[in-house]
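File shown: data-v7.pdb (PDB, C-alpha atoms).
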```pdb
ATOM      1  CA  MET A   1       0.000   0.000   0.000
ATOM      2  CA  LYS A   2       1.027   3.633  -0.441
ATOM      3  CA  ALA A   3       1.400   5.873   2.588
ATOM      4  CA  VAL A   4       2.749   9.335   3.325
ATOM      5  CA  ILE A   5       5.240   9.147   6.200
ATOM      6  CA  LEU A   6       6.455  12.035   8.323
ATOM      7  CA  GLU A   7      10.096  10.912   8.527
ATOM      8  CA  ALA A   8      11.166  13.996  10.482
ATOM      9  CA  PHE A   9       9.491  17.303  11.209
ATOM     10  CA  GLY A  10       9.146  19.088   7.878
ATOM     11  CA  LYS A  11      10.070  15.981   5.866
ATOM     12  CA  LEU A  12       7.267  13.951   4.274
ATOM     13  CA  GLU A  13       7.732  11.027   1.874
ATOM     14  CA  LEU A  14       5.311   8.881  -0.141
ATOM     15  CA  ARG A  15       6.347   5.258   0.428
ATOM     16  CA  ASP A  16       5.216   1.695  -0.299
ATOM     17  CA  LEU A  17       4.457  -0.284   2.858
ATOM     18  CA  PRO A  18       3.028  -3.756   3.559
ATOM     19  CA  THR A  19      -0.748  -3.833   3.923
ATOM     20  CA  PRO A  20      -1.543  -4.548   7.602
ATOM     21  CA  LYS A  21      -3.815  -7.321   8.884
ATOM     22  CA  PRO A  22      -6.511  -6.872  11.528
ATOM     23  CA  GLY A  23      -6.242  -8.769  14.788
ATOM     24  CA  PRO A  24      -8.982  -9.686  17.287
ATOM     25  CA  GLY A  25     -11.436  -6.823  17.725
ATOM     26  CA  GLN A  26      -9.852  -4.869  14.875
ATOM     27  CA  VAL A  27     -10.926  -3.815  11.378
ATOM     28  CA  LEU A  28      -8.930  -3.106   8.242
ATOM     29  CA  VAL A  29     -10.192   0.054   6.517
ATOM     30  CA  ARG A  30      -9.479   0.837   2.888
ATOM     31  CA  ILE A  31      -9.093   4.592   3.264
ATOM     32  CA  ARG A  32     -10.706   6.482   0.380
ATOM     33  CA  ALA A  33     -10.307  10.099   1.475
ATOM     34  CA  ALA A  34      -8.705  12.334   4.088
ATOM     35  CA  SER A  35      -9.382  15.926   5.088
ATOM     36  CA  LEU A  36      -6.919  18.480   6.420
ATOM     37  CA  ASN A  37      -7.101  20.395   9.681
ATOM     38  CA  TYR A  38      -4.906  23.214  10.942
ATOM     39  CA  ARG A  39      -3.623  20.702  13.489
ATOM     40  CA  ASP A  40      -2.169  18.601  10.664
ATOM     41  CA  LEU A  41      -0.123  21.522   9.353
ATOM     42  CA  LEU A  42       1.244  22.212  12.837
ATOM     43  CA  MET A  43       2.000  18.541  13.404
ATOM     44  CA  VAL A  44       4.094  18.308  10.221
ATOM     45  CA  LYS A  45       6.118  21.353  11.309
ATOM     46  CA  GLY A  46       6.674  20.042  14.848
ATOM     47  CA  GLY A  47       4.320  22.602  16.337
ATOM     48  CA  TYR A  48       3.165  20.187  19.035
ATOM     49  CA  GLY A  49       6.658  19.632  20.418
ATOM     50  CA  SER A  50       7.165  16.316  22.159
ATOM     51  CA  VAL A  51       3.497  15.302  21.901
ATOM     52  CA  ALA A  52       4.257  13.319  18.749
ATOM     53  CA  LYS A  53       7.630  12.198  17.454
ATOM     54  CA  PRO A  54       8.226  10.959  13.869
ATOM     55  CA  PRO A  55       7.977   8.656  12.100
ATOM     56  CA  PHE A  56       4.201   8.369  11.723
ATOM     57  CA  VAL A  57       1.471   8.765   9.107
ATOM     58  CA  PRO A  58       0.058  12.318   9.378
ATOM     59  CA  VAL A  59      -3.476  13.739   9.022
ATOM     60  CA  SER A  60      -6.107  12.824  11.570
ATOM     61  CA  ASP A  61      -9.326  12.651   9.540
ATOM     62  CA  GLY A  62     -10.319  10.036   6.995
ATOM     63  CA  ALA A  63     -13.081   7.808   5.684
ATOM     64  CA  GLY A  64     -13.270   4.584   3.711
ATOM     65  CA  GLU A  65     -14.755   1.124   3.662
ATOM     66  CA  VAL A  66     -14.197  -1.897   5.867
ATOM     67  CA  ALA A  67     -12.076  -4.307   3.832
ATOM     68  CA  GLU A  68     -11.626  -7.041   6.449
ATOM     69  CA  VAL A  69     -12.529  -7.714  10.082
ATOM     70  CA  GLY A  70     -10.643  -9.625  12.733
ATOM     71  CA  PRO A  71     -12.027 -12.276  15.091
ATOM     72  CA  GLY A  72     -14.842 -11.150  17.383
ATOM     73  CA  VAL A  73     -15.792  -7.975  15.499
ATOM     74  CA  ALA A  74     -19.524  -7.203  15.684
ATOM     75  CA  ARG A  75     -19.814  -3.395  15.369
ATOM     76  CA  VAL A  76     -19.160  -3.296  11.600
ATOM     77  CA  LYS A  77     -18.822  -5.723   8.679
ATOM     78  CA  PRO A  78     -16.862  -5.846   5.410
ATOM     79  CA  GLY A  79     -18.239  -3.314   2.938
ATOM     80  CA  ASP A  80     -19.484  -0.849   5.567
ATOM     81  CA  ARG A  81     -18.574   2.769   4.846
ATOM     82  CA  VAL A  82     -16.934   4.256   7.916
ATOM     83  CA  THR A  83     -14.997   7.154   9.348
ATOM     84  CA  MET A  84     -12.388   6.901  12.105
ATOM     85  CA  SER A  85     -12.801   8.581  15.491
ATOM     86  CA  PHE A  86     -10.125  11.204  16.258
ATOM     87  CA  PHE A  87      -9.631   9.952  19.841
ATOM     88  CA  GLN A  88      -9.712   6.203  19.253
ATOM     89  CA  LYS A  89     -10.100   5.244  22.919
ATOM     90  CA  TRP A  90     -12.366   8.059  24.147
ATOM     91  CA  LEU A  91     -15.649   6.283  23.641
ATOM     92  CA  ALA A  92     -18.032   8.253  25.854
ATOM     93  CA  GLY A  93     -18.337  10.580  28.800
ATOM     94  CA  PRO A  94     -16.852  13.991  29.599
ATOM     95  CA  ALA A  95     -13.139  14.662  29.194
ATOM     96  CA  HIS A  96     -12.588  15.368  32.896
ATOM     97  CA  ARG A  97     -13.679  11.795  33.667
ATOM     98  CA  LEU A  98     -10.854  10.260  31.621
ATOM     99  CA  ASP A  99      -8.443   8.158  33.648
ATOM    100  CA  PRO A 100      -5.119  10.081  33.543
ATOM    101  CA  ARG A 101      -3.258   6.763  33.556
ATOM    102  CA  ALA A 102      -4.961   5.855  30.281
ATOM    103  CA  LEU A 103      -4.377   9.141  28.458
ATOM    104  CA  PRO A 104      -1.519   7.797  26.284
ATOM    105  CA  ASP A 105      -3.956   5.164  25.012
ATOM    106  CA  LYS A 106      -6.310   7.956  23.973
ATOM    107  CA  ALA A 107      -3.745   9.740  21.818
ATOM    108  CA  PRO A 108      -5.302  10.953  18.575
ATOM    109  CA  LEU A 109      -4.807   9.877  14.991
ATOM    110  CA  GLY A 110      -2.359  11.754  12.787
ATOM    111  CA  GLY A 111       0.271  11.991  15.498
ATOM    112  CA  PRO A 112       1.362  10.184  17.521
ATOM    113  CA  ASN A 113      -0.893   7.393  16.210
ATOM    114  CA  ASP A 114      -0.782   6.776  12.443
ATOM    115  CA  GLY A 115      -3.343   8.871  10.593
ATOM    116  CA  ALA A 116      -5.241   8.846   7.319
ATOM    117  CA  LEU A 117      -2.685   9.556   4.558
ATOM    118  CA  ARG A 118      -2.441   5.877   3.584
ATOM    119  CA  GLU A 119      -4.414   3.396   1.538
ATOM    120  CA  PHE A 120      -5.158   0.992   4.409
ATOM    121  CA  GLY A 121      -5.246   1.246   8.189
ATOM    122  CA  VAL A 122      -6.081  -1.080  11.093
ATOM    123  CA  PHE A 123      -8.297   0.326  13.844
ATOM    124  CA  ASP A 124     -10.169  -1.047  16.846
ATOM    125  CA  GLU A 125     -13.783  -1.750  15.907
ATOM    126  CA  THR A 126     -14.796   0.714  18.647
ATOM    127  CA  GLY A 127     -12.827   3.453  16.866
ATOM    128  CA  VAL A 128     -14.893   3.551  13.660
ATOM    129  CA  SER A 129     -18.422   4.792  12.922
ATOM    130  CA  VAL A 130     -20.686   4.046   9.957
ATOM    131  CA  ILE A 131     -21.276   7.090   7.745
ATOM    132  CA  PRO A 132     -24.538   8.216   6.061
ATOM    133  CA  ASP A 133     -25.261   7.045   2.525
ATOM    134  CA  HIS A 134     -25.749  10.603   1.217
ATOM    135  CA  LEU A 135     -22.142  11.602   1.971
ATOM    136  CA  SER A 136     -19.175  11.032  -0.297
ATOM    137  CA  TYR A 137     -15.966   9.719   1.255
ATOM    138  CA  GLU A 138     -14.482  13.211   1.031
ATOM    139  CA  GLU A 139     -17.459  14.712   2.848
ATOM    140  CA  ALA A 140     -17.413  11.991   5.497
ATOM    141  CA  ALA A 141     -13.688  12.554   6.048
ATOM    142  CA  CYS A 142     -14.559  16.041   7.328
ATOM    143  CA  LEU A 143     -16.575  14.722  10.282
ATOM    144  CA  PRO A 144     -14.264  13.305  12.993
ATOM    145  CA  CYS A 145     -12.251  16.433  13.872
ATOM    146  CA  ALA A 146     -13.722  19.591  12.325
ATOM    147  CA  GLY A 147     -17.312  18.374  12.402
ATOM    148  CA  LEU A 148     -17.206  16.958  15.915
ATOM    149  CA  THR A 149     -15.350  19.979  17.321
ATOM    150  CA  ALA A 150     -18.123  22.252  16.046
ATOM    151  CA  TRP A 151     -20.788  19.825  17.291
ATOM    152  CA  SER A 152     -19.214  19.770  20.750
ATOM    153  CA  ALA A 153     -19.109  23.570  20.855
ATOM    154  CA  VAL A 154     -22.612  24.250  19.556
ATOM    155  CA  VAL A 155     -24.543  21.179  20.732
ATOM    156  CA  ALA A 156     -22.849  18.727  23.111
ATOM    157  CA  GLN A 157     -21.271  21.334  25.408
ATOM    158  CA  ALA A 158     -23.528  24.238  24.496
ATOM    159  CA  THR A 159     -25.633  26.475  26.712
ATOM    160  CA  THR A 160     -27.431  27.954  23.703
ATOM    161  CA  GLU A 161     -31.105  27.396  22.974
ATOM    162  CA  PRO A 162     -33.283  27.885  19.877
ATOM    163  CA  GLY A 163     -33.513  31.589  19.120
ATOM    164  CA  ASP A 164     -30.115  32.410  20.625
ATOM    165  CA  VAL A 165     -27.405  34.120  18.592
ATOM    166  CA  VAL A 166     -24.119  32.372  17.762
ATOM    167  CA  LEU A 167     -21.087  34.126  16.275
ATOM    168  CA  THR A 168     -18.752  32.162  14.006
ATOM    169  CA  GLN A 169     -15.348  33.270  12.741
ATOM    170  CA  GLY A 170     -14.175  32.801   9.170
ATOM    171  CA  SER A 171     -14.912  30.145   6.583
ATOM    172  CA  GLY A 172     -12.767  27.193   7.628
ATOM    173  CA  GLY A 173     -14.111  23.739   8.318
ATOM    174  CA  VAL A 174     -14.970  24.149  12.018
ATOM    175  CA  SER A 175     -16.586  27.546  11.503
ATOM    176  CA  ILE A 176     -18.811  26.389   8.643
ATOM    177  CA  PHE A 177     -19.854  23.280  10.577
ATOM    178  CA  ALA A 178     -20.646  25.539  13.563
ATOM    179  CA  LEU A 179     -22.838  27.699  11.333
ATOM    180  CA  GLN A 180     -24.668  24.649   9.976
ATOM    181  CA  PHE A 181     -25.190  23.080  13.410
ATOM    182  CA  ALA A 182     -26.321  26.387  14.953
ATOM    183  CA  LYS A 183     -28.976  26.699  12.253
ATOM    184  CA  LEU A 184     -30.064  23.087  12.896
ATOM    185  CA  ARG A 185     -30.372  24.062  16.553
ATOM    186  CA  GLY A 186     -32.661  26.977  15.650
ATOM    187  CA  CYS A 187     -30.161  29.740  16.380
ATOM    188  CA  ARG A 188     -29.416  32.969  14.541
ATOM    189  CA  VAL A 189     -25.845  33.217  13.244
ATOM    190  CA  ILE A 190     -23.523  36.184  12.847
ATOM    191  CA  ALA A 191     -20.554  35.214  10.675
ATOM    192  CA  THR A 192     -17.295  37.128  10.296
ATOM    193  CA  SER A 193     -14.902  36.912   7.354
ATOM    194  CA  SER A 194     -12.144  38.907   5.685
ATOM    195  CA  SER A 195     -13.954  38.765   2.331
ATOM    196  CA  ASP A 196     -17.311  40.108   1.167
ATOM    197  CA  GLU A 197     -17.429  37.249  -1.347
ATOM    198  CA  LYS A 198     -17.052  34.695   1.434
ATOM    199  CA  ILE A 199     -19.657  36.512   3.525
ATOM    200  CA  ALA A 200     -22.103  36.116   0.652
ATOM    201  CA  ARG A 201     -21.368  32.384   0.571
ATOM    202  CA  LEU A 202     -21.792  32.124   4.356
ATOM    203  CA  LYS A 203     -25.178  33.835   4.056
ATOM    204  CA  ALA A 204     -26.127  31.326   1.370
ATOM    205  CA  LEU A 205     -25.423  28.601   3.950
ATOM    206  CA  GLY A 206     -27.752  30.296   6.442
ATOM    207  CA  ALA A 207     -25.818  33.061   8.194
ATOM    208  CA  ASP A 208     -28.220  35.852   9.178
ATOM    209  CA  VAL A 209     -25.590  38.616   9.442
ATOM    210  CA  GLY A 210     -22.122  38.942   7.935
ATOM    211  CA  ILE A 211     -19.329  41.215   9.172
ATOM    212  CA  ASN A 212     -16.105  41.873   7.265
ATOM    213  CA  TYR A 213     -13.473  42.093   9.991
ATOM    214  CA  LYS A 214     -10.975  43.686   7.610
ATOM    215  CA  THR A 215     -13.176  46.691   6.886
ATOM    216  CA  THR A 216     -14.686  46.625  10.393
ATOM    217  CA  PRO A 217     -11.764  46.147  12.845
ATOM    218  CA  GLU A 218     -14.104  46.719  15.816
ATOM    219  CA  TRP A 219     -16.261  43.806  14.714
ATOM    220  CA  GLY A 220     -17.051  42.911  18.313
ATOM    221  CA  LYS A 221     -19.041  46.124  18.676
ATOM    222  CA  ALA A 222     -20.689  45.520  15.310
ATOM    223  CA  ALA A 223     -21.749  42.027  16.372
ATOM    224  CA  ARG A 224     -23.147  43.364  19.638
ATOM    225  CA  ALA A 225     -25.094  46.013  17.744
ATOM    226  CA  ALA A 226     -26.424  43.395  15.318
ATOM    227  CA  ASN A 227     -28.213  41.747  18.244
ATOM    228  CA  GLY A 228     -29.895  44.864  19.525
ATOM    229  CA  GLY A 229     -26.876  46.059  21.491
ATOM    230  CA  GLN A 230     -26.974  43.231  24.030
ATOM    231  CA  GLY A 231     -24.338  40.982  22.425
ATOM    232  CA  VAL A 232     -24.343  37.400  21.221
ATOM    233  CA  ASP A 233     -25.052  34.337  23.330
ATOM    234  CA  GLN A 234     -22.086  32.283  22.131
ATOM    235  CA  VAL A 235     -18.872  32.832  20.178
ATOM    236  CA  VAL A 236     -17.186  29.885  18.469
ATOM    237  CA  GLU A 237     -13.659  31.216  18.954
ATOM    238  CA  VAL A 238     -11.161  29.789  16.452
ATOM    239  CA  GLY A 239      -8.773  32.727  16.197
ATOM    240  CA  GLY A 240      -7.088  32.599  19.594
ATOM    241  CA  ALA A 241      -5.232  35.471  21.207
ATOM    242  CA  GLY A 242      -5.567  37.760  18.203
ATOM    243  CA  THR A 243      -9.372  37.706  18.174
ATOM    244  CA  LEU A 244     -10.239  37.055  21.812
ATOM    245  CA  ALA A 245     -10.674  40.698  22.860
ATOM    246  CA  GLN A 246     -13.168  41.386  20.070
ATOM    247  CA  SER A 247     -14.980  38.118  20.830
ATOM    248  CA  ILE A 248     -15.393  39.174  24.457
ATOM    249  CA  ARG A 249     -16.758  42.544  23.389
ATOM    250  CA  ALA A 250     -19.234  40.767  21.119
ATOM    251  CA  THR A 251     -20.587  38.504  23.877
ATOM    252  CA  ARG A 252     -23.531  39.352  26.093
ATOM    253  CA  PHE A 253     -23.403  39.381  29.876
ATOM    254  CA  GLY A 254     -23.282  35.738  30.983
ATOM    255  CA  GLY A 255     -22.533  34.462  27.483
ATOM    256  CA  THR A 256     -20.169  31.691  26.408
ATOM    257  CA  LEU A 257     -16.907  31.681  24.477
ATOM    258  CA  SER A 258     -16.131  28.233  23.105
ATOM    259  CA  MET A 259     -12.349  28.222  22.744
ATOM    260  CA  ILE A 260     -11.223  26.012  19.860
ATOM    261  CA  GLY A 261      -8.350  27.322  17.762
ATOM    262  CA  VAL A 262      -5.217  29.441  17.716
ATOM    263  CA  LEU A 263      -5.222  30.552  14.067
ATOM    264  CA  ASP A 264      -4.398  34.123  15.057
ATOM    265  CA  GLY A 265      -1.987  33.341  17.887
ATOM    266  CA  ALA A 266      -1.695  31.100  20.925
ATOM    267  CA  ALA A 267      -0.439  33.673  23.417
ATOM    268  CA  GLY A 268      -1.397  37.255  24.160
ATOM    269  CA  ASP A 269      -2.918  39.617  26.683
ATOM    270  CA  MET A 270      -5.990  38.217  28.404
ATOM    271  CA  PRO A 271      -8.622  40.909  29.118
ATOM    272  CA  VAL A 272      -9.450  39.388  32.489
ATOM    273  CA  ALA A 273     -11.401  42.403  33.728
ATOM    274  CA  LEU A 274     -13.808  42.183  30.797
ATOM    275  CA  ILE A 275     -14.300  38.462  31.362
ATOM    276  CA  VAL A 276     -15.071  38.960  35.056
ATOM    277  CA  MET A 277     -17.242  42.035  34.631
ATOM    278  CA  SER A 278     -19.264  40.350  31.888
ATOM    279  CA  ASN A 279     -19.657  37.113  33.868
ATOM    280  CA  LEU A 280     -18.477  35.137  30.828
ATOM    281  CA  ARG A 281     -18.032  31.380  30.550
ATOM    282  CA  LEU A 282     -14.886  30.208  28.728
ATOM    283  CA  GLN A 283     -15.237  26.637  27.508
ATOM    284  CA  GLY A 284     -12.266  24.843  25.972
ATOM    285  CA  VAL A 285     -13.257  22.385  23.219
ATOM    286  CA  THR A 286     -11.003  19.505  22.149
ATOM    287  CA  VAL A 287     -12.958  17.556  19.514
ATOM    288  CA  GLY A 288     -15.129  15.004  21.393
ATOM    289  CA  ASN A 289     -15.799  11.329  22.086
ATOM    290  CA  ARG A 290     -17.108   8.586  19.814
ATOM    291  CA  ALA A 291     -20.583   8.620  21.345
ATOM    292  CA  ASP A 292     -20.889  12.297  20.383
ATOM    293  CA  LEU A 293     -19.529  11.462  16.921
ATOM    294  CA  ASP A 294     -22.275   8.872  16.489
ATOM    295  CA  GLN A 295     -24.922  11.338  17.689
ATOM    296  CA  MET A 296     -23.657  13.986  15.268
ATOM    297  CA  ILE A 297     -23.706  11.503  12.384
ATOM    298  CA  ARG A 298     -27.333  10.618  13.172
ATOM    299  CA  ALA A 299     -28.249  14.309  13.116
ATOM    300  CA  ILE A 300     -26.400  14.868   9.828
ATOM    301  CA  ASP A 301     -28.176  11.853   8.327
ATOM    302  CA  ALA A 302     -31.606  12.999   9.496
ATOM    303  CA  ALA A 303     -31.093  16.530   8.132
ATOM    304  CA  LYS A 304     -29.221  15.300   5.030
ATOM    305  CA  LEU A 305     -26.658  17.980   5.843
ATOM    306  CA  LYS A 306     -23.642  18.163   3.529
ATOM    307  CA  PRO A 307     -20.190  19.293   4.698
ATOM    308  CA  VAL A 308     -18.671  22.017   2.542
ATOM    309  CA  VAL A 309     -15.654  20.746   0.585
ATOM    310  CA  ASP A 310     -13.418  23.388  -0.958
ATOM    311  CA  SER A 311     -11.194  21.129  -3.073
ATOM    312  CA  VAL A 312      -9.929  17.571  -3.478
ATOM    313  CA  PHE A 313      -6.298  16.682  -4.270
ATOM    314  CA  PRO A 314      -4.925  13.217  -5.152
ATOM    315  CA  LEU A 315      -2.656  11.495  -2.643
ATOM    316  CA  ALA A 316       0.418  12.172  -4.777
ATOM    317  CA  LYS A 317      -0.359  15.915  -4.492
ATOM    318  CA  TRP A 318      -0.521  15.982  -0.686
ATOM    319  CA  ALA A 319       2.033  18.813  -0.615
ATOM    320  CA  ASP A 320      -0.159  20.950  -2.893
ATOM    321  CA  ALA A 321      -3.148  20.297  -0.639
ATOM    322  CA  MET A 322      -1.234  21.467   2.434
ATOM    323  CA  ALA A 323       0.063  24.535   0.607
ATOM    324  CA  HIS A 324      -3.469  25.399  -0.504
ATOM    325  CA  MET A 325      -4.740  25.210   3.059
ATOM    326  CA  SER A 326      -1.760  27.167   4.409
ATOM    327  CA  ALA A 327      -2.527  29.987   1.973
ATOM    328  CA  GLY A 328      -5.869  30.487   3.731
ATOM    329  CA  ARG A 329      -7.949  31.048   0.607
ATOM    330  CA  HIS A 330     -10.088  27.943   1.029
ATOM    331  CA  PHE A 331     -13.798  27.942   1.840
ATOM    332  CA  GLY A 332     -14.664  24.809   3.785
ATOM    333  CA  LYS A 333     -12.541  21.690   3.902
ATOM    334  CA  VAL A 334      -9.481  20.760   1.848
ATOM    335  CA  CYS A 335      -9.546  17.018   1.109
ATOM    336  CA  ILE A 336      -7.237  14.366  -0.344
ATOM    337  CA  GLY A 337      -8.560  11.473  -2.410
ATOM    338  CA  ILE A 338      -6.864   8.144  -1.730
ATOM    339  CA  GLY A 339      -6.888   4.949  -3.746
TER     340      GLY A 339
END
```
Any chance you could give the structure as structure tokens?
Amino acid sequence: MKAVILEAFGKLELRDLPTPKPGPGQVLVRIRAASLNYRDLLMVKGGYGSVAKPPFVPVSDGAGEVAEVGPGVARVKPGDRVTMSFFQKWLAGPAHRLDPRALPDKAPLGGPNDGALREFGVFDETGVSVIPDHLSYEEAACLPCAGLTAWSAVVAQATTEPGDVVLTQGSGGVSIFALQFAKLRGCRVIATSSSDEKIARLKALGADVGINYKTTPEWGKAARAANGGQGVDQVVEVGGAGTLAQSIRATRFGGTLSMIGVLDGAAGDMPVALIVMSNLRLQGVTVGNRADLDQMIRAIDAAKLKPVVDSVFPLAKWADAMAHMSAGRHFGKVCIGIG
């Protein structure tokens, strides 16, 4: 089989490897597609430090079909179309209930555990979920990390209710999923972007208000004004330190900031006084468990919701796919077709 290997940080190679065999309780998945996350770009560059050391197969998210099952497997069967859970061993329950002694066993795919940039992979049967028939492999490959992170923020860990206002940032995978899930939840959505063209596309997906943060640097005030001056109920915060102050200004008294990404910086001044005076709730979101993944998939199936795919590159063009995502011009998910 062909696989992309991270030999050393910054050094990726496409290699031929033996096709693995599933053992008891395991399944062999013929991986058909992968999707890129910002995490994958950082992982290749060594941005996670000692969390993951090469060599390993990068990219966390993928989807394919079950090619073979090992002894005792009952959850899936050969021919089933599946996606792989980001945290293979986190099956259910809140993160703070995880046994610290078992955390290494819950390490995610795409570093340190082998990820999706390969034609075949062996996974525990408990680490895969059947995908809806209406999704392509590329669309299904967007679910485990970006999709579930947004689902955790807007649904599984949310304090929002139908009629509340949710603010999303940009047009990357998590932000678009957050918009789609907020609309499914009956919320109004204010979406920010650096491009009027992208704002128009976000409105076509259901955003009620669009704010160009390039032409409106004080977009936090604009978002507050767009909800009658009282602020939004929840911000899905993917920017990090560079956007946090404006997000706080956008949020109503007692509102929630769901902290997900660091696209605009991981360190910076924390406006603590504003957080305290506004009685805000800061909720960190790190993807989610397999039970939540299954629940999200059921909701996507019932609504026939389609993830937004920006582009699909062949496996041999993995470097072009990463460069395209790094450039930041994508709208939705950047995917890689495999096999």
Which residues of region 243-337 of chain A sit at most 6 Å from region 25-44 of chain A, using all atoms listed in the file? Give each one's shortest atom pair and distance in Å (one decimal place), in chain and ascending residue order, as a Markdown table.
```
| residue | atom | partner | partner_atom | distance |
| --- | --- | --- | --- | --- |
| A:Val334 | CA | A:Leu36 | CA | 5.7 |
| A:Cys335 | CA | A:Ser35 | CA | 4.1 |
| A:Ile336 | CA | A:Ala34 | CA | 5.1 |
| A:Gly337 | CA | A:Ala33 | CA | 4.5 |
```
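For the file at hand, the PyMOL selection byres ((chain A and resi 167) around 8) resolves to Val165, Val166, Thr168, Gln169, Val189, Ile190, Ala191, Thr192, Ala223, Val232, Gln234, Val235 and Val236 of chain A.
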Close residues, Arg75 (chain A) itself excluded, 9 Å, only C-alpha atoms, min 4 positions apart in chain, as a ChimeraX atom specification: /A:125-126,128-129
Residue with the minimum atom-to-atom distance to Asp196 (chain A), picked from A:Phe313, A:Tyr213, A:Phe9, A:Phe181 with all atoms listed in the file counted, is A:Tyr213
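With all atoms listed in the file as the basis for measurement, A:Arg81 is the residue among A:Gly172, A:Ala273, A:Leu205, A:Arg81 that approaches His134 (chain A) most closely.
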